[in-house]
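Participant: Okay, here's the structure, questions in a sec.
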Amino acid sequence: MLNQKTSVFFDTNSYRQIVRNKNSKELSELFSLIQSAEKENNIEPISTLTVNLELSANLVEGENGINFENCLNGLRFLTNHCFDPEKEIIRIASFPFFQISAMMFGALPIDFDKSSKRISKHFEIFKSFEKEPNLSKEFYEFVKTTLTKHEQDFSNSLSGLIKAANKGMEHIYPKMDNKSRKRKLIEYFKSDSYAQNLSVKSLKIVSEILGVKLDDQEFQNRAYFLRKELPISTAFFQWILCEIIQKNIDMNSKNSKSKRWNWLWDYQISFLISQNTINEGKMILVTSDQEMIQILEQNGLKNNVMEIDQYLKFLNINGSC
């Protein structure tokens with residue numbers, strides 16, 4: 001048994017994998033086994049909004065859609081798996097903004113709780129393993145607009161940062177060839193100074209929203225502390241930028257929209273891995289995403305990430321997905 005409470009996060013494919021080819025009775029029985037084992041080990045399942053939205057987006061095509069049943073059952077499992085019976089709400093992890101706000105300023109926007117409850121209500125219709133959910137037009141519009149906005153904004157921010165940095169490089173090194181400029185860009189985004197500036201920028205955005213004023217030195221001090229407490233968040237963002245440059249990735253291509261826009265989930269998760277979480281071993285990520293696994297392993301977190309079959313074995317539950 002684990003002595004301290006451990007948070008577990010499943011990615012979209014893990015929920016899809018765990019329910020594949022199972023009927024409602026089998027799903028209910030498997031959920032009961034997992035719920036019992038997690039309770040015994042003091043594990044608290046938490047979802048992310050991105051996973052909820054990605055599973056929901058596949059229901060838009062209706063029952064004839066190729067992934068409809070698998071994603072519907074994935075949502076059924078998720079809503080039961082992450083439901084908090086005491087608070088009567090689905091546990092949904094905060095966005096990076098809220099993580100920074102709570103950790104660095106000890107405050108959250110006044111409408112935070114209301115927003116969390118409102119989002120939870122949208123997905124509670126999937127809580128029955130047998131009852132068909134009432135998928136309203138309002139629900140579909142919420143899913144489409146929310147998922148598209150968050151993923152598009154994230155993709156645009158990445159492209160915008162690279163474009164601005166490239167323009168700056170062209171100004172500083174007007175005669176440099178493209179290969180050398182690319183190398184310079186990667187060095188820039190990998191640098192410690194860029195990591196610090198990135199953290200300062202994040203803090204300034206949050207402080208402005210909260211109405212908190214700090215001097216430049218205090219921003220620098222808090223940015224350093226933020227990087228120490230959330231080492232993966234900065235490292236992962238830097239890795240994404242360098243990956244885009246190194247491989248000449250078009251973030252608006254069809255392939256990127258289907259495969260790389262979900263970097264947003266990885267980025268959200270990276271903000272949940274604090275230094276305290278690392279030291280106390282209070283985090284488990286269940287994913288088959290090799291890029292995420294590699295980054296965690298490189299940062300000494302090999303024991304904090306598992307694929308779904310490994311997680312079931314960890315809980316002493318027989319069978320595979």
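Just remember, in the structure tokens the first chain shown is A, the second B, etc., residues are 1-based per chain, and ligands are 1-based in the order shown.
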Please run DSSP on the backbone and report, as a PDB file with C-alpha atoms, in the first residue's frame, all residues within region 197-301 of chain A that come out as strand (DSSP E or B).
Facilitator:
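Once written, part-v7.pdb looks like this:
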ATOM      1  CA  MET A 283       2.103  11.239  -9.369  1.00  0.00           C
ATOM      2  CA  ILE A 284       1.371   8.477 -11.875  1.00  0.00           C
ATOM      3  CA  LEU A 285       0.789   9.169 -15.561  1.00  0.00           C
ATOM      4  CA  VAL A 286      -0.866   6.387 -17.539  1.00  0.00           C
TER       5      VAL A 286
END
Participant: As a list in words, please: the residues near region 6-18 of chain A (cut-off 7 Å, only C-alpha atoms, same-chain neighbours under 3 positions excluded).
Facilitator: Asn42, Ile43, Glu44, Pro45, Ile46, Ser47, Val51, Glu54, Leu55, Asn70, Cys71, Gly74, Leu78, Lys282, Met283, Ile284, Leu285, Val286, Thr287, Ile308 and Cys321 of chain A
Participant: Pick out the closest residue to Leu30 (chain A) from this set: A:Phe129, A:Ser136, A:Lys179, A:Glu88. Count only C-alpha atoms.
Facilitator: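 Distance minimum relative to Leu30 (chain A) lands on A:Phe129.
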Participant: So, with only C-alpha atoms as the atoms that count, which of A:Ile205, A:Glu61, A:Leu49, A:Phe225 lies closest to Met103 (chain A)?
Facilitator: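 Smallest separation from Met103 (chain A) among the options: A:Phe225.
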Participant: Enumerate as a ChimeraX atom specification all residues of region 183-252 of chain A assigned to alpha helix (DSSP H) by DSSP on the backbone, naming them with the chain letters and numbers the document uses.
Facilitator: /A:183-190,192-210,216-229,231-246
